[in-house]
$ cat data_31.csv   # CSV, C-alpha atoms and all ligand atoms
chain,number,residue,atom,x,y,z
T,1,MET,CA,10.2,-16.6,-0.2
T,2,SER,CA,12.6,-17.8,-2.9
T,3,LEU,CA,15.3,-15.3,-3.7
T,4,SER,CA,16.7,-17.5,-6.4
T,5,SER,CA,13.4,-17.3,-8.3
T,6,ILE,CA,13.3,-13.5,-7.8
T,7,SER,CA,16.6,-13.4,-9.6
T,8,SER,CA,15.2,-15.2,-12.6
T,9,GLY,CA,15.4,-12.8,-15.6
T,10,SER,CA,18.3,-10.7,-16.5
T,11,THR,CA,17.8,-7.6,-14.4
T,12,GLY,CA,16.5,-8.4,-11.0
T,13,THR,CA,19.7,-7.1,-9.3
T,14,ILE,CA,18.1,-4.0,-7.7
T,15,LEU,CA,15.3,-6.2,-6.3
T,16,GLN,CA,17.7,-8.8,-5.1
T,17,GLU,CA,19.8,-6.2,-3.3
T,18,CYS,CA,16.7,-4.6,-1.8
T,19,THR,CA,15.3,-7.9,-0.4
T,20,ALA,CA,18.8,-8.8,0.9
T,21,ALA,CA,19.0,-5.5,2.8
T,22,ILE,CA,15.6,-5.8,4.5
T,23,SER,CA,15.7,-6.7,8.2
T,24,ALA,CA,13.1,-7.1,10.9
T,25,LEU,CA,12.6,-4.2,13.2
T,26,ASN,CA,14.8,-4.4,16.4
T,27,LYS,CA,12.2,-4.3,19.2
T,28,SER,CA,14.6,-4.4,22.1
T,29,ALA,CA,13.8,-0.8,23.1
T,30,THR,CA,10.1,-1.6,23.6
T,31,PRO,CA,10.2,-1.7,27.4
T,32,ASP,CA,11.9,1.8,27.5
T,33,ILE,CA,9.5,3.3,25.1
T,34,GLN,CA,6.5,1.8,27.0
T,35,ALA,CA,7.9,3.2,30.2
T,36,ARG,CA,8.0,6.7,28.7
T,37,LEU,CA,4.4,6.3,27.3
T,38,ASP,CA,3.3,5.2,30.8
T,39,ASN,CA,5.0,8.2,32.4
T,40,LEU,CA,3.1,10.8,30.3
T,41,THR,CA,0.3,12.7,32.1
T,42,LYS,CA,-2.6,10.3,31.4
T,43,PRO,CA,-3.9,7.1,32.9
T,44,ARG,CA,-1.8,4.1,31.5
T,45,GLY,CA,-3.0,3.1,28.1
T,46,SER,CA,-5.6,5.8,27.9
T,47,LEU,CA,-4.6,6.9,24.4
T,48,GLY,CA,-5.4,3.5,23.1
T,49,ARG,CA,-4.0,2.6,19.7
T,50,LEU,CA,-2.2,6.0,19.4
T,51,GLU,CA,0.2,4.5,21.9
T,52,ASP,CA,0.9,1.5,19.7
T,53,LEU,CA,1.4,3.8,16.7
T,54,ALA,CA,3.8,5.9,18.7
T,55,LEU,CA,5.7,2.9,19.9
T,56,ARG,CA,6.2,1.5,16.4
T,57,LEU,CA,7.1,4.9,14.9
T,58,THR,CA,9.7,5.2,17.6
T,59,LEU,CA,11.2,1.8,16.9
T,60,ILE,CA,11.4,2.7,13.2
T,61,SER,CA,13.2,6.0,13.9
T,62,MET,CA,15.7,4.1,16.2
T,63,ALA,CA,16.2,1.3,13.7
T,64,ALA,CA,17.0,3.9,11.0
T,65,GLY,CA,19.4,5.8,13.2
T,66,ARG,CA,17.2,8.9,13.2
T,67,GLY,CA,17.3,9.3,17.0
T,68,ASN,CA,14.9,7.9,19.6
T,69,LEU,CA,11.8,10.0,18.9
T,70,PRO,CA,9.0,9.1,16.5
T,71,GLN,CA,8.7,11.1,13.3
T,72,ALA,CA,5.7,11.3,11.0
T,73,ASP,CA,6.7,14.3,8.8
T,74,PRO,CA,7.3,15.0,6.1
T,75,ALA,CA,4.9,12.6,4.4
T,76,ARG,CA,4.4,11.8,0.7
T,77,ILE,CA,1.9,9.7,-1.2
T,78,TYR,CA,2.8,8.0,-4.5
T,79,THR,CA,-0.4,7.5,-6.5
T,80,CYS,CA,0.6,5.0,-9.2
T,81,ALA,CA,-1.6,4.6,-12.3
T,82,ALA,CA,-1.9,1.9,-15.0
T,83,ASP,CA,-4.4,0.2,-17.2
T,84,HIS,CA,-5.6,-3.4,-17.1
T,85,GLY,CA,-6.4,-5.6,-20.1
T,86,VAL,CA,-9.0,-7.4,-18.0
T,87,ALA,CA,-11.2,-4.2,-18.2
T,88,ALA,CA,-12.4,-5.6,-21.5
T,89,ARG,CA,-14.1,-8.5,-19.7
T,90,GLY,CA,-16.8,-6.3,-18.2
T,91,VAL,CA,-15.5,-6.4,-14.6
T,92,SER,CA,-15.8,-2.6,-13.8
T,93,LYS,CA,-18.7,-0.2,-13.9
T,94,PHE,CA,-16.5,2.3,-15.7
T,95,PRO,CA,-14.7,2.2,-19.0
T,96,GLN,CA,-10.9,1.9,-19.3
T,97,GLU,CA,-10.5,5.5,-20.5
T,98,VAL,CA,-11.3,6.7,-16.9
T,99,THR,CA,-7.8,5.7,-15.8
T,100,ARG,CA,-6.2,8.3,-18.1
T,101,GLN,CA,-9.0,10.9,-17.5
T,102,MET,CA,-8.4,10.6,-13.7
T,103,VAL,CA,-4.7,11.1,-14.1
T,104,PHE,CA,-5.5,14.4,-15.8
T,105,ASN,CA,-7.8,15.1,-12.9
T,106,PHE,CA,-4.9,14.4,-10.4
T,107,LEU,CA,-2.7,16.7,-12.4
T,108,ASN,CA,-5.3,19.4,-12.3
T,109,GLY,CA,-5.8,19.0,-8.5
T,110,GLY,CA,-9.4,18.1,-8.7
T,111,ALA,CA,-9.5,14.5,-7.4
T,112,ALA,CA,-10.4,13.4,-3.9
T,113,VAL,CA,-6.7,12.5,-3.2
T,114,ASN,CA,-5.7,16.0,-4.2
T,115,VAL,CA,-8.3,17.6,-1.9
T,116,PHE,CA,-7.3,15.3,1.1
T,117,THR,CA,-3.5,15.6,0.6
T,118,ARG,CA,-4.0,19.4,0.6
T,119,SER,CA,-6.1,19.4,3.7
T,120,SER,CA,-3.6,17.0,5.5
T,121,ASP,CA,-0.5,18.8,4.2
T,122,VAL,CA,0.9,15.7,2.5
T,123,GLU,CA,2.8,15.8,-0.7
T,124,LEU,CA,1.4,13.9,-3.7
T,125,ARG,CA,3.3,12.4,-6.5
T,126,VAL,CA,1.5,10.8,-9.5
T,127,VAL,CA,3.3,8.0,-11.3
T,128,ASP,CA,2.4,6.8,-14.8
T,129,VAL,CA,3.6,3.2,-14.6
T,130,GLY,CA,1.4,2.0,-17.5
T,131,VAL,CA,-1.5,4.2,-18.5
T,132,LYS,CA,-2.6,3.5,-22.1
T,133,GLY,CA,-1.8,6.2,-24.6
T,134,ALA,CA,1.0,8.8,-25.0
T,135,ASP,CA,3.1,10.1,-22.1
T,136,PHE,CA,1.6,12.9,-20.1
T,137,ALA,CA,3.1,16.4,-20.6
T,138,ASP,CA,5.7,17.3,-18.0
T,139,THR,CA,3.8,18.6,-15.0
T,140,PRO,CA,5.0,19.3,-11.4
T,141,GLY,CA,4.4,16.2,-9.2
T,142,LEU,CA,4.1,13.8,-12.2
T,143,LEU,CA,6.6,11.1,-12.9
T,144,ASN,CA,6.4,9.7,-16.4
T,145,ARG,CA,7.7,6.1,-16.0
T,146,LYS,CA,5.5,4.1,-18.3
T,147,ILE,CA,6.7,0.5,-18.6
T,148,ALA,CA,4.0,-0.7,-21.0
T,149,GLN,CA,0.7,0.3,-22.5
T,150,GLY,CA,-1.2,-1.4,-19.6
T,151,THR,CA,-1.3,-5.1,-18.9
T,152,ALA,CA,-2.8,-8.0,-20.9
T,153,ASP,CA,-6.1,-9.6,-20.0
T,154,ILE,CA,-5.3,-11.9,-17.0
T,155,SER,CA,-8.3,-14.2,-17.9
T,156,ALA,CA,-6.5,-15.1,-21.1
T,157,GLY,CA,-2.8,-15.3,-20.0
T,158,PRO,CA,-0.2,-13.5,-17.9
T,159,ALA,CA,-0.8,-9.8,-17.2
T,160,MET,CA,2.8,-8.9,-18.1
T,161,SER,CA,6.2,-10.5,-18.6
T,162,LEU,CA,8.4,-11.3,-15.6
T,163,GLN,CA,10.8,-8.6,-16.9
T,164,GLU,CA,8.1,-5.9,-17.0
T,165,CYS,CA,7.1,-7.0,-13.5
T,166,ILE,CA,10.6,-6.7,-12.2
T,167,SER,CA,10.9,-3.3,-13.9
T,168,ALA,CA,7.8,-2.1,-12.1
T,169,VAL,CA,8.9,-3.4,-8.7
T,170,GLU,CA,12.3,-1.8,-9.2
T,171,LEU,CA,10.7,1.5,-10.1
T,172,GLY,CA,8.8,1.3,-6.8
T,173,ILE,CA,12.1,0.5,-5.0
T,174,SER,CA,13.7,3.6,-6.6
T,175,LEU,CA,10.8,5.8,-5.5
T,176,ALA,CA,11.4,4.7,-1.9
T,177,GLU,CA,15.1,5.4,-2.2
T,178,GLN,CA,14.4,8.8,-3.5
T,179,ALA,CA,11.9,9.6,-0.7
T,180,ALA,CA,14.4,8.4,1.9
T,181,ASN,CA,17.2,10.5,0.4
T,182,GLU,CA,15.0,13.5,0.3
T,183,GLY,CA,14.2,13.2,4.0
T,184,ILE,CA,10.7,11.9,3.8
T,185,ARG,CA,9.6,10.1,7.0
T,186,VAL,CA,6.3,8.6,6.0
T,187,VAL,CA,5.4,7.2,2.6
T,188,GLY,CA,1.9,6.3,1.5
T,189,THR,CA,0.5,4.1,-1.3
T,190,GLY,CA,-2.2,5.2,-3.8
T,191,GLU,CA,-3.4,3.8,-7.1
T,192,MET,CA,-5.6,4.4,-10.1
T,193,GLY,CA,-6.4,1.8,-12.7
T,194,ILE,CA,-9.9,0.8,-14.0
T,195,ALA,CA,-10.5,-3.0,-13.2
T,196,ASN,CA,-7.7,-3.2,-10.7
T,197,THR,CA,-10.0,-4.6,-8.0
T,198,THR,CA,-10.1,-7.7,-10.3
T,199,ALA,CA,-6.3,-8.0,-10.4
T,200,ALA,CA,-6.1,-7.4,-6.6
T,201,THR,CA,-8.7,-10.1,-6.0
T,202,ALA,CA,-6.9,-12.6,-8.2
T,203,LEU,CA,-3.7,-11.9,-6.3
T,204,TYR,CA,-5.4,-12.4,-2.9
T,205,CYS,CA,-6.8,-15.7,-4.2
T,206,ALA,CA,-3.4,-16.9,-5.3
T,207,TYR,CA,-1.3,-15.7,-2.4
T,208,LEU,CA,-3.8,-16.6,0.4
T,209,ASP,CA,-5.5,-19.6,-1.2
T,210,LEU,CA,-9.0,-18.1,-1.1
T,211,PRO,CA,-11.9,-19.0,-3.4
T,212,PRO,CA,-12.8,-16.1,-5.7
T,213,GLU,CA,-16.4,-15.9,-4.5
T,214,THR,CA,-15.3,-15.2,-0.9
T,215,ILE,CA,-13.6,-11.9,-1.7
T,216,THR,CA,-14.9,-10.6,-5.0
T,217,GLY,CA,-16.9,-7.4,-4.5
T,218,PRO,CA,-18.5,-4.5,-6.3
T,219,GLY,CA,-15.4,-2.3,-6.9
T,220,THR,CA,-16.8,0.8,-8.6
T,221,GLY,CA,-20.4,-0.5,-8.1
T,222,LEU,CA,-21.2,-3.8,-9.7
T,223,ASN,CA,-24.5,-5.5,-8.8
T,224,GLU,CA,-24.8,-9.1,-7.5
T,225,GLN,CA,-25.0,-10.7,-10.9
T,226,GLU,CA,-22.0,-8.6,-12.2
T,227,ILE,CA,-20.0,-9.6,-9.1
T,228,ARG,CA,-20.6,-13.3,-9.9
T,229,HIS,CA,-19.4,-12.7,-13.4
T,230,LYS,CA,-16.3,-10.9,-12.0
T,231,ALA,CA,-15.6,-13.9,-9.6
T,232,GLY,CA,-15.8,-16.2,-12.7
T,233,VAL,CA,-13.2,-14.0,-14.5
T,234,VAL,CA,-10.9,-14.2,-11.5
T,235,GLY,CA,-11.4,-18.0,-11.4
T,236,ARG,CA,-10.4,-18.2,-15.1
T,237,ALA,CA,-7.4,-16.0,-14.5
T,238,LEU,CA,-6.2,-18.4,-11.8
T,239,GLN,CA,-6.8,-21.4,-14.1
T,240,THR,CA,-5.4,-20.0,-17.3
T,241,ASN,CA,-2.2,-18.9,-15.5
T,242,HIS,CA,-1.8,-22.3,-13.8
T,243,VAL,CA,-1.3,-20.6,-10.5
T,244,GLU,CA,0.1,-22.9,-7.8
T,245,LEU,CA,-1.5,-22.6,-4.4
T,246,PRO,CA,0.3,-21.4,-2.5
T,247,PRO,CA,2.8,-19.9,-5.0
T,248,ALA,CA,6.4,-20.9,-4.7
T,249,ASP,CA,7.5,-17.8,-6.6
T,250,PRO,CA,5.6,-14.6,-5.5
T,251,MET,CA,7.2,-12.5,-8.4
T,252,ARG,CA,5.8,-14.9,-11.1
T,253,THR,CA,2.3,-14.7,-9.5
T,254,LEU,CA,2.6,-10.9,-9.4
T,255,ALA,CA,3.5,-10.9,-13.1
T,256,ALA,CA,0.7,-13.3,-14.0
T,257,LEU,CA,-2.1,-11.7,-12.2
T,258,GLY,CA,-1.1,-8.2,-11.0
T,259,GLY,CA,-0.9,-4.8,-12.6
T,260,LEU,CA,1.9,-2.4,-13.3
T,261,GLU,CA,0.8,0.0,-10.6
T,262,ILE,CA,0.3,-2.8,-8.2
T,263,ALA,CA,3.8,-4.2,-8.8
T,264,CYS,CA,5.3,-0.7,-8.5
T,265,LEU,CA,3.5,-0.3,-5.1
T,266,SER,CA,4.9,-3.7,-4.0
T,267,GLY,CA,8.4,-2.3,-4.8
T,268,LEU,CA,7.6,0.9,-3.0
T,269,ILE,CA,6.7,-1.1,0.1
T,270,LEU,CA,9.8,-3.3,-0.1
T,271,GLY,CA,12.0,-0.2,-0.7
T,272,CYS,CA,10.5,1.5,2.4
T,273,ALA,CA,11.3,-1.5,4.5
T,274,ARG,CA,14.8,-1.5,3.2
T,275,ARG,CA,15.3,2.2,4.1
T,276,LYS,CA,13.3,1.8,7.3
T,277,LEU,CA,10.6,4.3,6.4
T,278,ALA,CA,7.1,4.0,7.8
T,279,VAL,CA,4.8,3.0,4.9
T,280,VAL,CA,1.0,3.6,5.0
T,281,ILE,CA,-1.1,1.2,2.9
T,282,ASP,CA,-4.3,2.5,1.5
T,283,GLY,CA,-7.4,0.3,0.6
T,284,PHE,CA,-8.2,-2.9,-1.2
T,285,ILE,CA,-5.8,-2.7,-4.1
T,286,SER,CA,-2.9,-1.3,-2.2
T,287,THR,CA,-3.3,-4.1,0.3
T,288,ALA,CA,-2.9,-6.6,-2.5
T,289,ALA,CA,0.4,-4.9,-3.4
T,290,TYR,CA,1.4,-5.2,0.3
T,291,VAL,CA,0.5,-9.0,0.3
T,292,ALA,CA,2.8,-9.5,-2.7
T,293,ALA,CA,5.6,-7.5,-1.0
T,294,TRP,CA,5.0,-9.5,2.2
T,295,LYS,CA,5.2,-12.8,0.3
T,296,ILE,CA,8.6,-11.6,-1.1
T,297,HIS,CA,9.8,-10.5,2.3
T,298,PRO,CA,7.7,-10.9,5.4
T,299,SER,CA,9.6,-8.3,7.4
T,300,VAL,CA,7.8,-5.5,5.4
T,301,GLY,CA,5.0,-6.0,8.0
T,302,ASP,CA,7.2,-4.2,10.7
T,303,TYR,CA,7.2,-1.0,8.7
T,304,ALA,CA,3.6,-1.0,7.4
T,305,PHE,CA,0.6,0.8,8.8
T,306,PHE,CA,-2.9,0.1,7.4
T,307,ALA,CA,-4.7,3.4,6.7
T,308,HIS,CA,-8.3,2.3,6.7
T,309,GLY,CA,-10.7,-0.6,6.4
T,310,SER,CA,-12.2,-0.4,2.9
T,311,ALA,CA,-16.0,-0.9,2.4
T,312,GLU,CA,-15.0,-3.3,-0.4
T,313,PRO,CA,-16.2,-6.4,1.4
T,314,GLY,CA,-13.1,-8.6,0.8
T,315,HIS,CA,-10.8,-6.1,2.5
T,316,SER,CA,-12.0,-7.0,6.1
T,317,VAL,CA,-11.4,-10.7,5.2
T,318,ILE,CA,-7.9,-9.9,4.1
T,319,LEU,CA,-7.0,-7.6,7.1
T,320,HIS,CA,-8.3,-10.4,9.4
T,321,HIS,CA,-6.1,-12.9,7.6
T,322,LEU,CA,-3.1,-10.6,8.0
T,323,ARG,CA,-4.0,-10.0,11.7
T,324,VAL,CA,-3.8,-6.3,11.3
T,325,ARG,CA,-6.2,-3.5,12.3
T,326,PRO,CA,-6.6,-0.4,10.2
T,327,ILE,CA,-6.2,3.1,11.7
T,328,LEU,CA,-9.5,4.4,10.3
T,329,ASP,CA,-12.9,2.9,9.4
T,330,LEU,CA,-14.9,5.4,7.4
T,331,GLY,CA,-16.7,3.2,5.0
T,332,MET,CA,-14.6,4.5,2.1
T,333,ARG,CA,-13.9,2.5,-1.1
T,334,LEU,CA,-12.2,4.8,-3.5
T,335,GLY,CA,-8.4,4.2,-3.5
T,336,GLU,CA,-6.1,6.8,-5.0
T,337,GLY,CA,-4.4,7.1,-1.5
T,338,THR,CA,-7.4,8.8,0.0
T,339,GLY,CA,-7.3,6.7,3.2
T,340,VAL,CA,-3.6,7.4,3.6
T,341,ALA,CA,-4.1,11.1,3.3
T,342,LEU,CA,-6.7,10.9,6.2
T,343,ALA,CA,-4.7,8.5,8.4
T,344,ILE,CA,-1.4,10.5,8.3
T,345,PRO,CA,-2.7,13.2,10.7
T,346,ILE,CA,-3.4,10.3,13.2
T,347,LEU,CA,0.2,9.2,12.9
T,348,ARG,CA,1.3,12.8,13.4
T,349,ALA,CA,-0.8,13.0,16.5
T,350,ALA,CA,0.7,9.8,17.9
T,351,ALA,CA,4.2,11.2,17.3
T,352,ALA,CA,3.3,14.6,18.8
T,353,MET,CA,1.9,12.9,21.9
T,354,TYR,CA,5.1,11.0,22.5
T,355,ASN,CA,7.3,13.9,21.7
T,356,ASN,CA,5.5,16.8,23.5
T,357,MET,CA,3.3,15.6,26.4
T,358,ALA,CA,4.6,16.3,29.9
T,359,SER,CA,5.5,13.5,32.2
T,360,PHE,CA,3.9,13.2,35.7
T,361,ALA,CA,7.2,14.4,37.2
T,362,ASP,CA,7.6,17.4,34.8
T,363,ALA,CA,4.0,18.5,35.4
T,364,GLY,CA,3.9,17.8,39.1
T,365,VAL,CA,0.9,15.5,38.6
T,366,SER,CA,0.5,12.7,41.1
T,367,GLY,CA,0.8,9.2,39.6
T,368,SER,CA,-1.7,6.3,40.0
T,369,ASP,CA,-1.7,4.2,43.2
T,370,ASP,CA,0.1,1.3,41.6
T,371,SER,CA,2.9,3.5,40.1
T,372,ALA,CA,4.0,4.7,43.6
Z,1,LIG,C1,-14.1,8.3,-11.4
Z,1,LIG,C2,-13.3,7.3,-10.6
Z,1,LIG,C3,-12.3,7.7,-9.8
Z,1,LIG,C4,-11.6,6.7,-9.1
Z,1,LIG,N1,-10.5,6.8,-8.2
Z,1,LIG,C5,-10.2,5.7,-7.8
Z,1,LIG,N2,-10.9,4.7,-8.3
Z,1,LIG,C6,-10.8,3.3,-8.0
Z,1,LIG,O1,-11.7,2.5,-8.8
Z,1,LIG,C7,-10.9,1.6,-9.6
Z,1,LIG,C8,-11.1,0.2,-9.2
Z,1,LIG,O2,-12.4,-0.2,-9.3
Z,1,LIG,P1,-12.9,-1.3,-10.5
Z,1,LIG,O3,-12.0,-2.5,-10.3
Z,1,LIG,O4,-14.3,-1.5,-10.2
Z,1,LIG,O5,-12.6,-0.6,-11.8
Z,1,LIG,C9,-9.5,2.0,-9.4
Z,1,LIG,O6,-9.1,2.9,-10.4
Z,1,LIG,C10,-9.5,2.6,-8.1
Z,1,LIG,O7,-8.4,3.5,-7.8
Z,1,LIG,C11,-11.8,5.3,-9.2
Z,1,LIG,C12,-12.8,4.9,-10.0
Z,1,LIG,C13,-13.5,5.9,-10.8
Z,1,LIG,C14,-14.6,5.4,-11.7
Z,2,LIG,O1,-10.5,0.1,-1.2
Z,2,LIG,C1,-10.2,0.6,-2.2
Z,2,LIG,O2,-9.0,1.1,-2.3
Z,2,LIG,C2,-11.1,0.5,-3.4
Z,2,LIG,C3,-12.2,-0.2,-3.4
Z,2,LIG,C4,-13.0,-0.2,-4.5
Z,2,LIG,C5,-12.6,0.5,-5.7
Z,2,LIG,N1,-11.5,1.2,-5.7
Z,2,LIG,C6,-10.7,1.2,-4.6

$ encode --input "data_31.csv" --output "structure tokens" --more "lines below"
Ligand SMILES: Cc1cc2ncn([C@H]3O[C@H](COP(=O)(O)O)[C@@H](O)[C@H]3O)c2cc1C
Ligand SMILES: O=C(O)c1cccnc1
Amino acid sequence: MSLSSISSGSTGTILQECTAAISALNKSATPDIQARLDNLTKPRGSLGRLEDLALRLTLISMAAGRGNLPQADPARIYTCAADHGVAARGVSKFPQEVTRQMVFNFLNGGAAVNVFTRSSDVELRVVDVGVKGADFADTPGLLNRKIAQGTADISAGPAMSLQECISAVELGISLAEQAANEGIRVVGTGEMGIANTTAATALYCAYLDLPPETITGPGTGLNEQEIRHKAGVVGRALQTNHVELPPADPMRTLAALGGLEIACLSGLILGCARRKLAVVIDGFISTAAYVAAWKIHPSVGDYAFFAHGSAEPGHSVILHHLRVRPILDLGMRLGEGTGVALAIPILRAAAAMYNNMASFADAGVSGSDDSA
């Protein structure tokens, strides 16, 4: 991490203040939390990974000074939308206009993320960070925060200026601040942007020093030959932008190869870590935003939960690299925040288990032989 390079440009103050205020999670209460988990009326460890989720949610509550019980409500997803110049290189099955059309679909409540957030009782906010065209009309749940008319083609030069990238990251930080101030306890990431699997792939290659062929996949449905073409476009983007491996300055890499919605989500993740809010990362593209945030400040990992393993083949490679296990594995590959909307009920169940189950003593249930 290089804070001095993050400060390059005239207005990185919010970002600098944010990264300076992020700290690792204090894990000293782990044995006490584990003892409580082990005293609940169940064989030790029998609720599997729900117990790990409850443990970390409890540590997060304690670190934030919100008491010593886990909280997973209320929850809010920010679905950030922006266009990508690299869409002109034939890297997606769908035309660029779909980004804008899908934002209208979000605002009308008809997209998968609308349906899933309604069924999970999660609030949804849609953020226009850089969708091509005019601003959207004021609509409840929409934030008009367009920074630019999409990015430029990464295979021909940088996606955006460093200044635009800082603005997008700082927008994300401000969204986390607002969520924290409004009492939100779990924040989720979502995105919409045709061709953003190409930007995400380029970011992974740069940050994790991976060859494009190993993680380039179909996105919205490319065939084998089209995937090879997409990997070539990613390779050109790395070359044209003279990306150093590994990059000394994660912000410059994000500006060169990322997207406005991706940078905004990186800021959201950093902002959640700063305010000690649990943040749930969606699929392939959101995880690229996470990797950028993690390169800027590795302690974001303490606050992050991975919603699901995407069917986009590169995602499992990346999750393995990060040594993290997603909550769900449903073979989904949509984005928008759909995986988060489905994973939040699991976090709620983990919190409810810790908060509401009876202990052996309370219920008059005999403990195991070795707990005597
Ligand atoms: C109708 C439709 C709805 C979507 N919702 C999310 N995505 C997803 O697909 C896009 C990334 O894939 P690629 O890089 O191949 O373009 C992103 O917008 C992502 O959110 C969608 C894509 C489409 C076509
Ligand atoms: O995993 C995702 O989020 C994903 C994968 C392919 C296309 N859009 C999104």

$ residues_around --input "data_31.csv" --residues "Ala351 (chain T)" --least-positions-apart "2" --cutoff "6 Å" --atoms "only C-alpha atoms" --output "short mmCIF file (atom, residue, chain, number, x, y, z; two decimals) with C-alpha atoms, in the frame of the given file"
data_model
loop_
_atom_site.label_atom_id
_atom_site.label_comp_id
_atom_site.auth_asym_id
_atom_site.auth_seq_id
_atom_site.Cartn_x
_atom_site.Cartn_y
_atom_site.Cartn_z
CA ALA T 54 3.80 5.90 18.70
CA PRO T 70 9.00 9.10 16.50
CA ARG T 348 1.30 12.80 13.40
CA ALA T 349 -0.80 13.00 16.50
CA MET T 353 1.90 12.90 21.90
CA TYR T 354 5.10 11.00 22.50
#

$ closest_residue --input "data_31.csv" --among "T:Thr151, T:Gln163, T:Thr79, T:Thr117" --to "Ile285 (chain T)" --atoms "only C-alpha atoms"
T:Thr79

$ closest_atom_pairs --input "data_31.csv" --of "region 157-224 of chain T" --to "region 246-269 of chain T" --cutoff "6 Å" --atoms "only C-alpha atoms" --output "tab-separated table"
residue	atom	partner	partner_atom	distance
T:Pro158	CA	T:Ala256	CA	4.0
T:Ala159	CA	T:Ala256	CA	5.0
T:Met160	CA	T:Ala255	CA	5.4
T:Leu162	CA	T:Ala255	CA	5.5
T:Cys165	CA	T:Ala255	CA	5.3
T:Ala168	CA	T:Cys264	CA	4.6
T:Val169	CA	T:Gly267	CA	4.1
T:Glu170	CA	T:Gly267	CA	5.9
T:Gly172	CA	T:Leu268	CA	4.0
T:Ile173	CA	T:Gly267	CA	4.6
T:Ala176	CA	T:Leu268	CA	5.5
T:Ala199	CA	T:Gly258	CA	5.2
T:Tyr207	CA	T:Pro246	CA	5.9

$ residues_near_ligand --input "data_31.csv" --ligand "ligand LIG 1 (chain Z)" --cutoff "9 Å" --atoms "all atoms listed in the file" --output "number ranges by chain"
T: 81-83, 87, 91-96, 98-99, 101-102, 111-113, 190-200, 217-222, 284-285, 333-338

$ closest_residue --input "data_31.csv" --among "T:Ser23, T:Thr13, T:Thr41, T:Thr189" --to "Ser299 (chain T)" --atoms "all atoms listed in the file"
T:Ser23

$ closest_residue --input "data_31.csv" --among "T:Ile215, T:Ala206, T:Met357, T:Ile227" --to "Glu312 (chain T)" --atoms "only C-alpha atoms"
T:Ile215

$ residues_around --input "data_31.csv" --residues "Leu25 (chain T)" --least-positions-apart "3" --cutoff "10 Å" --atoms "all atoms listed in the file" --output "PyMOL selection string"
chain T and resi 22+28+56+59-60+62-64+273+276+299-303

$ write_last_selection --input "data_31.csv" --atoms "C-alpha atoms" --output "short mmCIF file (atom, residue, chain, number, x, y, z; two decimals), in the frame of the given file"
data_model
loop_
_atom_site.label_atom_id
_atom_site.label_comp_id
_atom_site.auth_asym_id
_atom_site.auth_seq_id
_atom_site.Cartn_x
_atom_site.Cartn_y
_atom_site.Cartn_z
CA ILE T 22 15.60 -5.80 4.50
CA SER T 28 14.60 -4.40 22.10
CA ARG T 56 6.20 1.50 16.40
CA LEU T 59 11.20 1.80 16.90
CA ILE T 60 11.40 2.70 13.20
CA MET T 62 15.70 4.10 16.20
CA ALA T 63 16.20 1.30 13.70
CA ALA T 64 17.00 3.90 11.00
CA ALA T 273 11.30 -1.50 4.50
CA LYS T 276 13.30 1.80 7.30
CA SER T 299 9.60 -8.30 7.40
CA VAL T 300 7.80 -5.50 5.40
CA GLY T 301 5.00 -6.00 8.00
CA ASP T 302 7.20 -4.20 10.70
CA TYR T 303 7.20 -1.00 8.70
#

$ atom_distance --input "data_31.csv" --atom1 "CA of Ala72 (chain T)" --atom2 "CA of Leu124 (chain T)"
15.5 Å

$ closest_residue --input "data_31.csv" --among "T:Gly157, T:Gly150, T:Gly65, T:Gly188" --to "Ile281 (chain T)" --atoms "all atoms listed in the file"
T:Gly188

$ build_atoms --input "data_31.csv" --residues "region 18-26 of chain T" --atoms "N, CA and C atoms" --output "CSV table (one decimal), in the frame of the given file"
chain,number,residue,atom,x,y,z
T,18,CYS,N,17.7,-5.2,-2.7
T,18,CYS,CA,16.7,-4.6,-1.8
T,18,CYS,C,16.3,-5.7,-0.8
T,19,THR,N,15.9,-6.8,-1.3
T,19,THR,CA,15.3,-7.9,-0.4
T,19,THR,C,16.4,-8.3,0.6
T,20,ALA,N,17.7,-8.4,0.0
T,20,ALA,CA,18.8,-8.8,0.9
T,20,ALA,C,19.0,-7.9,2.0
T,21,ALA,N,18.7,-6.6,1.8
T,21,ALA,CA,19.0,-5.5,2.8
T,21,ALA,C,17.8,-5.3,3.8
T,22,ILE,N,16.7,-6.0,3.6
T,22,ILE,CA,15.6,-5.8,4.5
T,22,ILE,C,15.8,-6.6,5.8
T,23,SER,N,15.6,-5.9,6.9
T,23,SER,CA,15.7,-6.7,8.2
T,23,SER,C,14.5,-6.4,9.1
T,24,ALA,N,14.2,-7.3,9.9
T,24,ALA,CA,13.1,-7.1,10.9
T,24,ALA,C,13.4,-6.0,11.8
T,25,LEU,N,12.4,-5.3,12.3
T,25,LEU,CA,12.6,-4.2,13.2
T,25,LEU,C,13.2,-4.7,14.6
T,26,ASN,N,14.2,-4.1,15.0
T,26,ASN,CA,14.8,-4.4,16.4
T,26,ASN,C,13.8,-3.9,17.4
